[in-house]
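Data block below; observations after.
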Amino acid sequence: MSRKLLYAVCALFFFTVTLILTHEAAAVPAFARQTGMACNACHFQHFPSLNAFGRAFKADGYTMIGGESMIEGDLLSLPATLNASLVTKIRYQDRNGDAETDINKGVVQFPDEAGFLIGGRAGEHVGFLLEMSIIDGDAGNRFTSFKMPVVFRPYGTSVSVIPFTTDSLGAAYGFELLSTGAVRNIRTIEHRRETSAQQYIGTDGSATGVALAAYQPIWFANYSAWAPVHGDNASGPYLNYLRGAVTPSISDWNLGAGFQIWNGTTKRIDGGVVRESADAWALDAQAQGMAGRFPLGIYLTYANAAKSKATDIPNMFNSSTYKDKTAWAIVGEFGVIPQRVTLAAAYRGAKNGDPNNDGKDADNATTLGVTYNPTQNLNLQLNHSWYTGSGKPNAATGDQLTTLMLFAAF
């Protein structure tokens with residue numbers, strides 16, 4: 001371990017101890033306040049990974065109640081309190097590259113992705129989730145992500161209409177329930193591009209649109225019409241995003257397997273007319289259960305972004321006209337101390353579509369990680385990835401990445 005990383009570990013260790021001592025009563029995030037349930041009622045091993053109950057709560061539009069007094073009346077059903085959380089990330093990252101960049105020298109990112117999360121029940125059939133950035137920057141970007149599920153429940157099926165917008169989470173933000181990285185913010189390990197095939201091909205980014213979703217405990221489906229913009233930007237016609245998955249339970253294991261498709265062509269106004277297409281697909285699967293008395297999660301992904309067919313209308317997920325960008329990944333996370341400490345290992349095999357590699361463009365990554373939960377709403381993660389193959393980062397960029405992160409929601 002480098003001296004810089006050792007200093008960061010020590011600093012975050014003492015900061016974590018301070019948080020434990022100061023917040024002995026352990027404040028809980030917005031949804032836990034609304035439902036009166038502990039964080040691990042919805043999360044598997046640690047947040048943000050969802051378990052079966054968490055998927056059901058999200059699919060029902062965040063409308064479930066139980067922990068608060070209500071304001072009830074004709075056509076009115078509101079929690080007495082507007083539930084909010086402060087979400088923070090404190091990260092130290094260090095690459096081993098030769099170039100004189102901040103991350104190669106080691107950088108503390110504090111606050112990183114800090115924001116207010118406000119959400120929950122807005123009515124019997126309506127919920128909402130608003131994420132607001134508190135980091136300095138363009139004021140238009142403070143309204144980072146928003147969705148408002150309008151949910152109906154015919155014949156035991158939750159059917160939702162969900163207008164949404166996000167600055168970075170992608171078209172899948174409208175409605176997603178698995179923890180494979182199918183949407184950027186729901187994954188098991190902080191190193192997302194190293195552990196999720198969807199994240200490797202770049203399915204995150206700005207997105208505004210409407211999702212039409214249906215859910216039952218053993219399946220869910222989503223069609224979204226969306227544009228790759230956020231805020232006061234223009235784009236059209238809308239692109240297509242299609243998602244389907246099955247989520248059965250077998251014995252004590254919660255399983256999931258599904259597909260994702262992005263397609264269509266659009267143009268947006270960004271200092272001129274920018275034309276681009278979406279042409280990608282992905283498969284994913286997960287298993288969450290117990291190996292003896294220890295929790296175990298396994299996550300599999302495969303993704304393909306087609307090569308661009310024309311330089312004037314590039315595929316937003318792969319600008320190369322040479323060949324497809326592809327990736328597959330497997331992640332395993334084992335709870336060595338249930339609800340406290342998990343160990344993770346992941347491998348990603350990928351081809352980046354770069355013509356400079358003359359077809360030998362393997363861009364592989366191996367990742368090891370450990371997560372420690374001092375309380376249910378805090379976790380301390382240490383991830384280390386190293387890259388192999390002819391398409392790996394060069395010596396200037398570095399072929400190893402270490403991240404130490406304290407993730408908290410109060």
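For the structure tokens, the naming scheme is as follows: chains receive sequential letters (A, B, ...) according to their order of presentation, residues are indexed from 1 within each chain, and ligands are indexed from 1 in presentation order.
Neighbours of Leu78 in chain A closer than or equal to 9 Å, with only C-alpha atoms counted and sequence neighbours fewer than 3 positions away skipped, come out as Ser69, Met70, Ile71, Glu72, Thr81, Leu82, Arg121, Ala122, Gly123 and Glu124 of chain A.
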Next on the checklist: List the spatial neighbours of Asp354 in chain A as a list in words - criterion: any atom at most 8 Å away, only C-alpha atoms, same-chain residues fewer than 6 positions off excluded.
Outcome noted: Ser320, Tyr322, Lys323, Asp361 and Gly391 of chain A
Item to check | In range 107-353 of chain A, DSSP helix (DSSP H, G or I) residues written as a ChimeraX atom specification | outcome: /A:139-141,154-156,171-174,197-201
Keeping only N, CA and C atoms, write the selected residues to a file as a PDB file, in the first residue's frame.
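Result file is selection_39.pdb:
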ATOM      1  N   ALA A 139     -25.797  26.175 -11.915  1.00  0.00           N
ATOM      2  CA  ALA A 139     -27.038  26.085 -11.141  1.00  0.00           C
ATOM      3  C   ALA A 139     -28.064  25.205 -11.825  1.00  0.00           C
ATOM      4  N   GLY A 140     -28.015  25.151 -13.163  1.00  0.00           N
ATOM      5  CA  GLY A 140     -28.965  24.312 -13.874  1.00  0.00           C
ATOM      6  C   GLY A 140     -28.753  22.837 -13.634  1.00  0.00           C
ATOM      7  N   ASN A 141     -27.580  22.455 -13.143  1.00  0.00           N
ATOM      8  CA  ASN A 141     -27.288  21.051 -12.909  1.00  0.00           C
ATOM      9  C   ASN A 141     -27.576  20.609 -11.477  1.00  0.00           C
ATOM     10  N   PRO A 154     -53.990  -2.758 -11.416  1.00  0.00           N
ATOM     11  CA  PRO A 154     -55.062  -3.625 -11.912  1.00  0.00           C
ATOM     12  C   PRO A 154     -54.691  -5.101 -11.791  1.00  0.00           C
ATOM     13  N   TYR A 155     -55.566  -5.888 -11.228  1.00  0.00           N
ATOM     14  CA  TYR A 155     -55.406  -7.347 -11.186  1.00  0.00           C
ATOM     15  C   TYR A 155     -54.062  -7.784 -10.594  1.00  0.00           C
ATOM     16  N   GLY A 156     -53.607  -7.087  -9.568  1.00  0.00           N
ATOM     17  CA  GLY A 156     -52.382  -7.487  -8.883  1.00  0.00           C
ATOM     18  C   GLY A 156     -51.095  -7.103  -9.567  1.00  0.00           C
ATOM     19  N   ALA A 171     -30.885   6.166 -19.682  1.00  0.00           N
ATOM     20  CA  ALA A 171     -32.291   5.886 -19.964  1.00  0.00           C
ATOM     21  C   ALA A 171     -32.898   4.889 -18.997  1.00  0.00           C
ATOM     22  N   ALA A 172     -32.074   4.005 -18.429  1.00  0.00           N
ATOM     23  CA  ALA A 172     -32.583   2.992 -17.495  1.00  0.00           C
ATOM     24  C   ALA A 172     -33.034   3.597 -16.172  1.00  0.00           C
ATOM     25  N   TYR A 173     -32.702   4.859 -15.912  1.00  0.00           N
ATOM     26  CA  TYR A 173     -33.094   5.504 -14.651  1.00  0.00           C
ATOM     27  C   TYR A 173     -34.607   5.536 -14.467  1.00  0.00           C
ATOM     28  N   GLY A 174     -35.354   5.596 -15.561  1.00  0.00           N
ATOM     29  CA  GLY A 174     -36.805   5.662 -15.437  1.00  0.00           C
ATOM     30  C   GLY A 174     -37.385   4.545 -14.592  1.00  0.00           C
ATOM     31  N   ALA A 197     -20.902  -4.756 -17.497  1.00  0.00           N
ATOM     32  CA  ALA A 197     -20.754  -4.628 -18.947  1.00  0.00           C
ATOM     33  C   ALA A 197     -21.540  -3.448 -19.489  1.00  0.00           C
ATOM     34  N   GLN A 198     -22.732  -3.203 -18.942  1.00  0.00           N
ATOM     35  CA  GLN A 198     -23.519  -2.053 -19.406  1.00  0.00           C
ATOM     36  C   GLN A 198     -22.782  -0.745 -19.162  1.00  0.00           C
ATOM     37  N   GLN A 199     -22.155  -0.644 -17.989  1.00  0.00           N
ATOM     38  CA  GLN A 199     -21.434   0.583 -17.678  1.00  0.00           C
ATOM     39  C   GLN A 199     -20.186   0.727 -18.547  1.00  0.00           C
ATOM     40  N   TYR A 200     -19.574  -0.377 -18.923  1.00  0.00           N
ATOM     41  CA  TYR A 200     -18.389  -0.317 -19.781  1.00  0.00           C
ATOM     42  C   TYR A 200     -18.719   0.275 -21.149  1.00  0.00           C
ATOM     43  N   ILE A 201     -19.842  -0.126 -21.750  1.00  0.00           N
ATOM     44  CA  ILE A 201     -20.162   0.408 -23.082  1.00  0.00           C
ATOM     45  C   ILE A 201     -20.730   1.818 -23.000  1.00  0.00           C
TER      46      ILE A 201
END
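Comparing the minimum interatomic distances between Thr101 in chain A and each of A:Thr203, A:Asn352, A:Thr397, A:Thr366, counting only C-alpha atoms, we find that A:Thr397 sits nearest.
CA of Arg142 in chain A is positioned 13.5 Å from CA of Ser206 in chain A.
Residues within 6 Å of Leu404 in chain A, counting only C-alpha atoms and excluding same-chain residues fewer than 5 positions away, are Arg91, Tyr92, Gln381 and Leu382 of chain A.
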Item to check | Distance of CA of Ser168 in chain A from CA of Thr403 in chain A, expressed in Å to one decimal place | outcome: 20.3 Å
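Every protein, DNA or RNA residue with an atom at most 12 Å from Tyr238 in chain A, where only C-alpha atoms count and chain neighbours fewer than 3 positions away do not, is listed here: A:Ala171, A:Ala207, A:Thr208, A:Gly209, A:Val210, A:Ser224, A:Ala225, A:Trp226, A:Ala227, A:Pro228, A:Val229, A:Ala234, A:Ser235, A:Tyr241, A:Trp262, A:Asn263, A:Gly264, A:Thr265, A:Thr266, A:Lys267, A:Arg268, A:Glu276, A:Ser277, A:Ala278.
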Next on the checklist: Applying 12 Å and only C-alpha atoms, which residues near Phe407 in chain A remain after dropping the ones on its own chain fewer than 4 positions away? List them as a ChimeraX atom specification.
Outcome noted: /A:12,15-16,19,46-48,86-92,110-115,189-190,371-382
Write the residues you've just listed into a file as a PDB file, in the first residue's frame, and include C-alpha atoms for each of them.
ATOM      1  CA  LEU A  12     -11.148   7.917   6.804  1.00  0.00           C
ATOM      2  CA  PHE A  15     -13.614   9.976  10.428  1.00  0.00           C
ATOM      3  CA  THR A  16     -15.681   6.779  10.444  1.00  0.00           C
ATOM      4  CA  LEU A  19     -19.398   9.246  12.801  1.00  0.00           C
ATOM      5  CA  HIS A  46     -25.314  -3.082   1.807  1.00  0.00           C
ATOM      6  CA  PHE A  47     -26.877  -0.211  -0.075  1.00  0.00           C
ATOM      7  CA  PRO A  48     -27.433   0.541  -2.920  1.00  0.00           C
ATOM      8  CA  LEU A  86     -28.282  13.895   2.936  1.00  0.00           C
ATOM      9  CA  VAL A  87     -26.210  11.563   0.757  1.00  0.00           C
ATOM     10  CA  THR A  88     -22.429  11.960   0.606  1.00  0.00           C
ATOM     11  CA  LYS A  89     -19.432  10.239  -0.905  1.00  0.00           C
ATOM     12  CA  ILE A  90     -15.890  10.907   0.251  1.00  0.00           C
ATOM     13  CA  ARG A  91     -13.455   9.245  -2.147  1.00  0.00           C
ATOM     14  CA  TYR A  92      -9.722   8.872  -2.424  1.00  0.00           C
ATOM     15  CA  PHE A 110     -14.788  15.547  -1.094  1.00  0.00           C
ATOM     16  CA  PRO A 111     -17.650  15.993  -1.430  1.00  0.00           C
ATOM     17  CA  ASP A 112     -18.155  13.594  -4.326  1.00  0.00           C
ATOM     18  CA  GLU A 113     -21.718  13.283  -5.652  1.00  0.00           C
ATOM     19  CA  ALA A 114     -23.013  14.937  -2.475  1.00  0.00           C
ATOM     20  CA  GLY A 115     -26.695  15.845  -2.577  1.00  0.00           C
ATOM     21  CA  ILE A 189     -18.983  -2.162  -6.318  1.00  0.00           C
ATOM     22  CA  GLU A 190     -17.902   1.461  -6.780  1.00  0.00           C
ATOM     23  CA  THR A 371     -17.020  -3.238   2.213  1.00  0.00           C
ATOM     24  CA  TYR A 372     -17.450  -2.501   5.903  1.00  0.00           C
ATOM     25  CA  ASN A 373     -20.783  -1.315   7.302  1.00  0.00           C
ATOM     26  CA  PRO A 374     -20.272   0.460  10.662  1.00  0.00           C
ATOM     27  CA  THR A 375     -24.030   1.147  10.573  1.00  0.00           C
ATOM     28  CA  GLN A 376     -26.726   0.292   8.042  1.00  0.00           C
ATOM     29  CA  ASN A 377     -26.593   3.742   6.466  1.00  0.00           C
ATOM     30  CA  LEU A 378     -22.787   4.009   6.227  1.00  0.00           C
ATOM     31  CA  ASN A 379     -20.339   1.911   4.296  1.00  0.00           C
ATOM     32  CA  LEU A 380     -16.600   2.095   3.816  1.00  0.00           C
ATOM     33  CA  GLN A 381     -15.356   0.537   0.552  1.00  0.00           C
ATOM     34  CA  LEU A 382     -11.879  -0.282  -0.672  1.00  0.00           C
TER      35      LEU A 382
END
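Of note, CA of Val161 in chain A and CA of Lys147 in chain A are spaced 10.0 Å apart.
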Checklist entry - If you run DSSP on this backbone, which residues of range 168-276 of chain A come out as strand (DSSP E), and could you give them as a count of residues only? => result 52
Checklist entry - Near Tyr347 in chain A, counting only C-alpha atoms, which residues have an atom at most 8 Å away, once you skip same-chain residues fewer than 3 positions from it, shown as a PyMOL selection string? => result chain A and resi 194-195+329-331+364-367
Atoms kept (N, CA and C atoms) for selection, written as a compact mmCIF listing (two decimals), in the first residue's frame:
# COMPACT_ATOMS: atom_id res chain seq x y z
N GLU A 194 -15.52 -1.33 -14.43
CA GLU A 194 -14.71 -2.53 -14.28
C GLU A 194 -15.53 -3.76 -13.89
N THR A 195 -16.80 -3.55 -13.50
CA THR A 195 -17.59 -4.66 -12.97
C THR A 195 -18.96 -4.83 -13.61
N ALA A 329 -18.99 -9.43 -17.77
CA ALA A 329 -18.44 -9.28 -16.42
C ALA A 329 -19.14 -10.23 -15.47
N ILE A 330 -18.40 -10.66 -14.46
CA ILE A 330 -18.95 -11.47 -13.38
C ILE A 330 -18.46 -10.89 -12.06
N VAL A 331 -19.37 -10.77 -11.11
CA VAL A 331 -19.07 -10.22 -9.79
C VAL A 331 -19.60 -11.18 -8.74
N ASN A 364 -9.28 -5.92 -20.44
CA ASN A 364 -9.78 -6.71 -19.33
C ASN A 364 -9.45 -6.06 -17.99
N ALA A 365 -10.24 -6.35 -16.98
CA ALA A 365 -10.02 -5.78 -15.66
C ALA A 365 -10.37 -6.80 -14.60
N THR A 366 -9.53 -6.88 -13.57
CA THR A 366 -9.78 -7.70 -12.39
C THR A 366 -9.90 -6.76 -11.19
N THR A 367 -10.92 -6.98 -10.38
CA THR A 367 -11.20 -6.09 -9.25
C THR A 367 -11.40 -6.89 -7.98
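Excluding Phe44 in chain A and any residue on its chain fewer than 2 positions from it, the residues at most 10 Å away by only C-alpha atoms are Cys39, Asn40, Ala41, Cys42, His46, Phe47, Pro48, Ser49, Leu50, Asn51, Ala52, Phe53, Gly54, Ser179, Thr188, Gln288, Gly289, Pro295, Leu296, Gly297 and Gln339 of chain A.
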